[in-house]
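Here's the structure we're looking at; comments come further down.
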Amino acid sequence: MRVLLTGGAGFIGSHLAELLLAQGHAVSIVDDLSTGSFDNISHLRSNPAFSYVIDTVMNERLMAELIDQADVVFHLAAAVGVKLIVEAPTRTIHTNVHGTEVVLTQAAKKGKLVVVFSTSEVYGKSATVPFREDADLVLGPTFKHRWAYACSKAIDEFLALAYYRERRLPVIIVRLFNTVGPRQTGRYGMVIPTFVRQALAGEPITVYGDGTQTRSFTYVGDVVDALSRLMTTPAAVGQVLNIGNTEEVSIGELAERVRAKTGSRSPIVRIPYDEAYEAGFEDMPRRVPSIEKIHALIGYRPTVGLDEILERVIASVRADIAVADRR
């Protein structure tokens, strides 16, 4: 198949590109490198089935051409990370909503399958755990920018499903839960690479809030494997699906595990949310998916547990540091 990845130079997109190429598909990427990196895809350039364009999904003429040449579109391009969301809410909303609108509009002209990437953030402050796809979404007030990302991604979902119902556009919506692995940076607040780099540098490991908030982390290899199977599963069309891992850990315990596995003596420092982000910042106390729906559909089960995830990320960061030291 011919597959287009918007935002394909990002962490998840680059791993998905690798897998799809290995499976024999032709892969094209469009990315403006605002949050992605060319380093993530430079090793793919020698593959004749791979091509890329450095541009934005807002370029409607370009997107019309790229989508016309594709069989499937994975729409990953988005503003990412809590830090960026809080600091640049206008950019977040515009990028997420208008970018998705451009992709869906152009795909609808030719009936191309679009996999729209959403997030566990849309569940908001819901206390009903694990989060099920048919559960109510509980978001905070509009004057708290922290919820702009969740709201923008929820609008993306509504828009995609509207195209599916009104224009028969085949769409699949995936809600990802804290995907981690090699190539992910802590640049936009991603917690595991941040903790690992701090621990290896002997710097304080910074836990935001009191550390009791829990998350579940999914290895990127498990995520992209599920994505590749979904694109060839007709029953997935029109569905909203969680992709994640049900293994739950508090952020405080996560910091302890990272320190132990790196052999670091870094102190663990707790920083109030008001200092880390903005006054009145609200966080999700728990974030754990129900994965029953996607398991029933494609047999999905995560294969990599948290300890192994940490070991792989630590090895990857150590390798990156060694490369940087040789330059």
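Ordering of the structure tokens sets the chain letters (A, B, ...), residue numbers begin anew at 1 in every chain, and ligands are numbered from 1 in the order given.
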
Where does region 226-292 of chain A meet region 113-116 of chain A within 10 Å, residue by residue, with the nearest atom pair and distance in Å to one decimal for each, counting only C-alpha atoms, listed by chain and rising number, as JSON lines?
{"residue": "A:Leu227", "atom": "CA", "partner": "A:Val115", "partner_atom": "CA", "distance": 8.6}
{"residue": "A:Leu230", "atom": "CA", "partner": "A:Val115", "partner_atom": "CA", "distance": 8.8}
{"residue": "A:Met231", "atom": "CA", "partner": "A:Val115", "partner_atom": "CA", "distance": 7.6}
{"residue": "A:Ala236", "atom": "CA", "partner": "A:Val115", "partner_atom": "CA", "distance": 9.9}
{"residue": "A:Val237", "atom": "CA", "partner": "A:Leu113", "partner_atom": "CA", "distance": 8.4}
{"residue": "A:Gly238", "atom": "CA", "partner": "A:Val115", "partner_atom": "CA", "distance": 10.0}
{"residue": "A:Val240", "atom": "CA", "partner": "A:Val116", "partner_atom": "CA", "distance": 9.5}

For region 159-173 of chain A, work out the shell of residues within 12 Å, counting only C-alpha atoms and skipping chain neighbours fewer than 5 positions away, then give it as a tab-separated table (two decimals) with C-alpha atoms, in the first residue's frame.
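As a result, around11.tsv now contains:
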chain	number	residue	atom	x	y	z
A	71	ASP	CA	-4.08	4.68	-0.13
A	72	VAL	CA	-3.99	5.39	3.63
A	73	VAL	CA	-3.26	8.52	5.66
A	74	PHE	CA	-2.00	8.37	9.24
A	75	HIS	CA	-2.64	11.85	10.59
A	76	LEU	CA	-0.14	12.31	13.42
A	96	ASN	CA	-4.81	20.43	15.81
A	97	VAL	CA	-8.20	21.54	14.52
A	98	HIS	CA	-7.37	23.20	11.20
A	99	GLY	CA	-4.69	20.65	10.31
A	100	THR	CA	-7.18	17.82	10.78
A	101	GLU	CA	-9.80	19.70	8.78
A	102	VAL	CA	-7.40	20.04	5.83
A	103	VAL	CA	-6.54	16.33	5.90
A	104	LEU	CA	-10.16	15.18	6.15
A	105	THR	CA	-11.35	17.58	3.44
A	106	GLN	CA	-8.76	16.39	0.95
A	107	ALA	CA	-9.17	12.71	1.84
A	108	ALA	CA	-12.94	12.94	1.41
A	109	LYS	CA	-12.52	13.97	-2.22
A	110	LYS	CA	-11.06	10.55	-3.04
A	111	GLY	CA	-12.44	8.43	-0.19
A	112	LYS	CA	-9.02	7.64	1.28
A	113	LEU	CA	-8.77	5.90	4.65
A	114	VAL	CA	-7.62	8.27	7.42
A	115	VAL	CA	-6.34	7.13	10.81
A	116	VAL	CA	-6.80	10.11	13.14
A	117	PHE	CA	-4.59	10.27	16.23
A	118	SER	CA	-6.30	11.37	19.41
A	119	THR	CA	-5.20	11.09	23.02
A	120	SER	CA	-6.05	9.82	26.47
A	133	GLU	CA	-14.13	4.52	24.62
A	152	SER	CA	-8.98	20.33	20.30
A	153	LYS	CA	-8.44	16.57	19.96
A	154	ALA	CA	-12.07	15.90	20.91
A	227	LEU	CA	-1.61	0.70	13.91
A	229	ARG	CA	-2.93	-4.04	11.71
A	230	LEU	CA	-5.77	-1.55	12.09
A	231	MET	CA	-5.22	-0.09	8.62
A	232	THR	CA	-6.04	-3.48	7.08
A	233	THR	CA	-9.00	-4.23	9.39
A	234	PRO	CA	-12.28	-3.12	7.75
A	235	ALA	CA	-14.19	-3.55	11.02
A	236	ALA	CA	-12.07	-0.78	12.57
A	237	VAL	CA	-13.54	1.86	10.27
A	238	GLY	CA	-15.81	4.27	12.11
A	239	GLN	CA	-14.46	3.15	15.49
A	240	VAL	CA	-12.75	4.96	18.38
A	241	LEU	CA	-10.07	2.76	19.93
A	242	ASN	CA	-7.75	3.03	22.93
A	243	ILE	CA	-4.17	1.86	22.41
A	294	ILE	CA	-9.07	-3.25	20.43

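Selecting strand (DSSP E) from the backbone DSSP output for region 27-119 of chain A yields Val27, Ser28, Ile29, Val30, Asp31, Phe50, Ser51, Tyr52, Val53, Ile54, Val72, Val73, Phe74, His75, Leu113, Val114, Val115, Val116, Phe117, Ser118 and Thr119 of chain A.
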
Can I get the residues of region 88-198 of chain A within 12 Å of region 223-226 of chain A, each with the closest pair of atoms and their distance in Å to one decimal, using only C-alpha atoms, sorted chain first then ascending number, as a tab-separated table?
residue	atom	partner	partner_atom	distance
A:Val115	CA	A:Ala226	CA	11.9
A:Phe117	CA	A:Val223	CA	11.7
A:Val174	CA	A:Ala226	CA	10.1
A:Arg175	CA	A:Val223	CA	10.7
A:Leu176	CA	A:Val223	CA	8.2
A:Phe177	CA	A:Val223	CA	9.5
A:Asn178	CA	A:Val223	CA	10.3
A:Thr179	CA	A:Val223	CA	7.4
A:Val180	CA	A:Val223	CA	9.5
A:Gly181	CA	A:Val223	CA	10.5

Just-selected residues, C-alpha atoms written as an mmCIF file, in the first residue's frame:
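Wrote again.cif, looks like this:
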data_model
loop_
_atom_site.group_PDB
_atom_site.id
_atom_site.type_symbol
_atom_site.label_atom_id
_atom_site.label_comp_id
_atom_site.auth_asym_id
_atom_site.auth_seq_id
_atom_site.Cartn_x
_atom_site.Cartn_y
_atom_site.Cartn_z
ATOM 1 C CA VAL A 115 -6.339 7.133 10.811
ATOM 2 C CA PHE A 117 -4.592 10.266 16.227
ATOM 3 C CA VAL A 174 -7.026 5.977 17.986
ATOM 4 C CA ARG A 175 -6.550 7.328 21.499
ATOM 5 C CA LEU A 176 -2.942 6.784 22.568
ATOM 6 C CA PHE A 177 -1.883 6.435 26.212
ATOM 7 C CA ASN A 178 1.624 7.701 27.039
ATOM 8 C CA THR A 179 3.616 6.062 24.269
ATOM 9 C CA VAL A 180 7.349 5.827 25.028
ATOM 10 C CA GLY A 181 10.548 4.418 23.556
#

Practice task
Using only C-alpha atoms, pick whichever of A:Glu248, A:Glu65, A:Asp134, A:Glu60 has the shortest atom-to-atom distance to Gly305 (chain A).
Solution key: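 Answer, going by the shortest atom-to-atom distance: A:Glu248.
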
What lies within 12 Å of Asp307 (chain A) using only C-alpha atoms, ignoring chain neighbours under 2 positions off, as a short mmCIF file (atom, residue, chain, number, x, y, z; two decimals) with C-alpha atoms, in the first residue's frame?
data_model
loop_
_atom_site.label_atom_id
_atom_site.label_comp_id
_atom_site.auth_asym_id
_atom_site.auth_seq_id
_atom_site.Cartn_x
_atom_site.Cartn_y
_atom_site.Cartn_z
CA ILE A 192 10.26 9.08 31.09
CA PHE A 217 3.12 3.59 29.62
CA THR A 218 3.06 1.77 26.29
CA TYR A 219 6.10 0.79 24.25
CA GLU A 247 0.12 -1.51 33.91
CA GLU A 248 -0.29 1.49 36.23
CA VAL A 249 2.46 3.32 38.13
CA GLU A 253 7.38 5.43 41.98
CA LEU A 254 8.44 5.92 38.37
CA GLU A 256 12.35 5.83 42.04
CA ARG A 257 12.51 3.08 39.41
CA VAL A 258 14.45 5.27 36.98
CA ALA A 260 17.45 2.61 40.66
CA LYS A 261 17.84 1.32 37.11
CA THR A 262 20.34 4.02 36.16
CA THR A 303 4.11 -7.17 24.95
CA VAL A 304 6.63 -4.88 26.68
CA GLY A 305 6.22 -4.11 30.39
CA ILE A 309 10.52 -0.06 28.61
CA LEU A 310 12.73 1.76 31.11
CA GLU A 311 15.72 -0.44 30.31
CA ARG A 312 15.33 0.20 26.57
CA VAL A 313 14.93 3.94 27.02
CA ILE A 314 17.93 4.12 29.36
#

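Among the candidates A:Thr6, A:Ser250, A:Gln69, A:Thr185, the one nearest to Val207 (chain A) when counting only C-alpha atoms is A:Ser250.
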
Handout entry: Residues near Leu21 (chain A), cut-off 12 Å, only C-alpha atoms, skip fewer than 2 positions along chain, as JSON, numbers by chain
Key = {"A": [1, 2, 3, 4, 14, 15, 16, 17, 18, 19, 23, 24, 25, 26, 27, 28, 41, 44, 45, 46, 47, 48, 49, 50, 51, 228]}

Practice task
Name the residues of region 45-91 of chain A that fall into alpha helix (DSSP H) according to DSSP on the backbone, using the chain letters and numbers of this document, as JSON, numbers by chain.
Solution key: {"A": [60, 61, 62, 63, 64, 65, 66, 67, 68, 82, 83, 84, 85, 86, 87, 89, 90, 91]}

Could you take the residues named above and write them with N, CA and C atoms, as a PDB file, in the first residue's frame?
ATOM      1  N   GLU A  60      -2.716  23.363   1.700  1.00  0.00           N
ATOM      2  CA  GLU A  60      -3.808  22.561   1.147  1.00  0.00           C
ATOM      3  C   GLU A  60      -3.491  22.002  -0.238  1.00  0.00           C
ATOM      4  N   ARG A  61      -2.821  22.778  -1.071  1.00  0.00           N
ATOM      5  CA  ARG A  61      -2.481  22.288  -2.412  1.00  0.00           C
ATOM      6  C   ARG A  61      -1.548  21.085  -2.324  1.00  0.00           C
ATOM      7  N   LEU A  62      -0.535  21.187  -1.462  1.00  0.00           N
ATOM      8  CA  LEU A  62       0.389  20.068  -1.281  1.00  0.00           C
ATOM      9  C   LEU A  62      -0.336  18.855  -0.719  1.00  0.00           C
ATOM     10  N   MET A  63      -1.183  19.067   0.290  1.00  0.00           N
ATOM     11  CA  MET A  63      -1.877  17.944   0.901  1.00  0.00           C
ATOM     12  C   MET A  63      -2.817  17.266  -0.083  1.00  0.00           C
ATOM     13  N   ALA A  64      -3.438  18.037  -0.953  1.00  0.00           N
ATOM     14  CA  ALA A  64      -4.304  17.447  -1.982  1.00  0.00           C
ATOM     15  C   ALA A  64      -3.510  16.496  -2.867  1.00  0.00           C
ATOM     16  N   GLU A  65      -2.297  16.908  -3.211  1.00  0.00           N
ATOM     17  CA  GLU A  65      -1.447  16.088  -4.077  1.00  0.00           C
ATOM     18  C   GLU A  65      -0.961  14.836  -3.358  1.00  0.00           C
ATOM     19  N   LEU A  66      -0.485  14.997  -2.123  1.00  0.00           N
ATOM     20  CA  LEU A  66       0.053  13.861  -1.374  1.00  0.00           C
ATOM     21  C   LEU A  66      -1.033  12.845  -1.042  1.00  0.00           C
ATOM     22  N   ILE A  67      -2.192  13.318  -0.640  1.00  0.00           N
ATOM     23  CA  ILE A  67      -3.286  12.406  -0.304  1.00  0.00           C
ATOM     24  C   ILE A  67      -3.809  11.701  -1.543  1.00  0.00           C
ATOM     25  N   ASP A  68      -3.813  12.380  -2.658  1.00  0.00           N
ATOM     26  CA  ASP A  68      -4.244  11.763  -3.912  1.00  0.00           C
ATOM     27  C   ASP A  68      -3.362  10.570  -4.274  1.00  0.00           C
ATOM     28  N   VAL A  82       2.431  18.682  27.257  1.00  0.00           N
ATOM     29  CA  VAL A  82       1.735  19.609  28.144  1.00  0.00           C
ATOM     30  C   VAL A  82       2.420  20.966  28.181  1.00  0.00           C
ATOM     31  N   LYS A  83       3.755  20.981  28.177  1.00  0.00           N
ATOM     32  CA  LYS A  83       4.498  22.246  28.252  1.00  0.00           C
ATOM     33  C   LYS A  83       4.139  23.155  27.080  1.00  0.00           C
ATOM     34  N   LEU A  84       4.151  22.608  25.874  1.00  0.00           N
ATOM     35  CA  LEU A  84       3.814  23.396  24.689  1.00  0.00           C
ATOM     36  C   LEU A  84       2.363  23.846  24.731  1.00  0.00           C
ATOM     37  N   ILE A  85       1.495  22.972  25.191  1.00  0.00           N
ATOM     38  CA  ILE A  85       0.061  23.279  25.245  1.00  0.00           C
ATOM     39  C   ILE A  85      -0.212  24.483  26.155  1.00  0.00           C
ATOM     40  N   VAL A  86       0.445  24.487  27.316  1.00  0.00           N
ATOM     41  CA  VAL A  86       0.239  25.578  28.263  1.00  0.00           C
ATOM     42  C   VAL A  86       0.846  26.877  27.749  1.00  0.00           C
ATOM     43  N   GLU A  87       2.017  26.776  27.109  1.00  0.00           N
ATOM     44  CA  GLU A  87       2.719  27.975  26.658  1.00  0.00           C
ATOM     45  C   GLU A  87       2.152  28.550  25.359  1.00  0.00           C
ATOM     46  N   PRO A  89      -1.303  28.011  23.620  1.00  0.00           N
ATOM     47  CA  PRO A  89      -2.638  27.450  23.380  1.00  0.00           C
ATOM     48  C   PRO A  89      -3.209  27.797  22.015  1.00  0.00           C
ATOM     49  N   THR A  90      -2.917  28.988  21.489  1.00  0.00           N
ATOM     50  CA  THR A  90      -3.427  29.360  20.161  1.00  0.00           C
ATOM     51  C   THR A  90      -2.871  28.430  19.096  1.00  0.00           C
ATOM     52  N   ARG A  91      -1.570  28.219  19.153  1.00  0.00           N
ATOM     53  CA  ARG A  91      -0.925  27.306  18.202  1.00  0.00           C
ATOM     54  C   ARG A  91      -1.491  25.902  18.328  1.00  0.00           C
TER      55      ARG A  91
END

Handout entry: Spatial neighbours of Glu292 (chain A), max dist 12 Å, only C-alpha atoms, sep filter under 2 positions, as a ChimeraX atom specification
Key = /A:130-134,241-246,289-290,294-302

Next, dump the selected residues to file, keeping only C-alpha atoms, as an mmCIF file, in the first residue's frame.
data_model
loop_
_atom_site.group_PDB
_atom_site.id
_atom_site.type_symbol
_atom_site.label_atom_id
_atom_site.label_comp_id
_atom_site.auth_asym_id
_atom_site.auth_seq_id
_atom_site.Cartn_x
_atom_site.Cartn_y
_atom_site.Cartn_z
ATOM 1 C CA PRO A 130 -10.142 2.234 33.326
ATOM 2 C CA PHE A 131 -11.177 4.644 30.578
ATOM 3 C CA ARG A 132 -13.551 3.093 28.077
ATOM 4 C CA GLU A 133 -14.130 4.517 24.616
ATOM 5 C CA ASP A 134 -17.862 5.001 25.269
ATOM 6 C CA LEU A 241 -10.068 2.761 19.935
ATOM 7 C CA ASN A 242 -7.754 3.029 22.929
ATOM 8 C CA ILE A 243 -4.173 1.859 22.411
ATOM 9 C CA GLY A 244 -2.262 1.522 25.646
ATOM 10 C CA ASN A 245 -1.007 -0.608 28.492
ATOM 11 C CA THR A 246 -2.977 -1.350 31.662
ATOM 12 C CA PRO A 289 -7.064 2.488 29.414
ATOM 13 C CA SER A 290 -9.541 -0.247 28.829
ATOM 14 C CA ILE A 294 -9.068 -3.247 20.432
ATOM 15 C CA HIS A 295 -8.223 -6.707 21.768
ATOM 16 C CA ALA A 296 -11.535 -8.040 20.463
ATOM 17 C CA LEU A 297 -10.920 -6.364 17.108
ATOM 18 C CA ILE A 298 -7.291 -7.277 16.326
ATOM 19 C CA GLY A 299 -6.094 -9.320 19.315
ATOM 20 C CA TYR A 300 -3.993 -6.448 20.644
ATOM 21 C CA ARG A 301 -2.096 -6.983 23.868
ATOM 22 C CA PRO A 302 1.001 -4.991 24.927
#

Exercise for the section: To one decimal in Å, tell me the separation between CA of Ile271 (chain A) and CA of Gln198 (chain A). Expected result: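 Computing the Euclidean distance for CA of Ile271 (chain A) and CA of Gln198 (chain A) yields 14.6 Å.
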
Practice task
Write out as an NGL selection string the residues lying within 12 Å of Ala255 (chain A), counting only C-alpha atoms and excluding same-chain residues fewer than 3 positions away.
Solution key: :A and (191-199 or 204-208 or 210-212 or 214 or 249-252 or 258-262 or 264-270 or 310)

Practice task
Tell me which of A:Glu157, A:Glu121, A:Asp320, A:Asp274 sits closest to Leu139 (chain A), counting only C-alpha atoms.
Solution key: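 Selected residue with least distance to Leu139 (chain A): A:Glu121.
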
Exercise for the section: One decimal, Å: what's the distance from CA of Ala135 (chain A) over to CA of Val122 (chain A), could you say? Expected result: 10.5 Å

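With distances restricted to only C-alpha atoms, A:Leu200 is the closest residue to Ala315 (chain A) from A:Leu200, A:Val30, A:Cys151, A:Val138.
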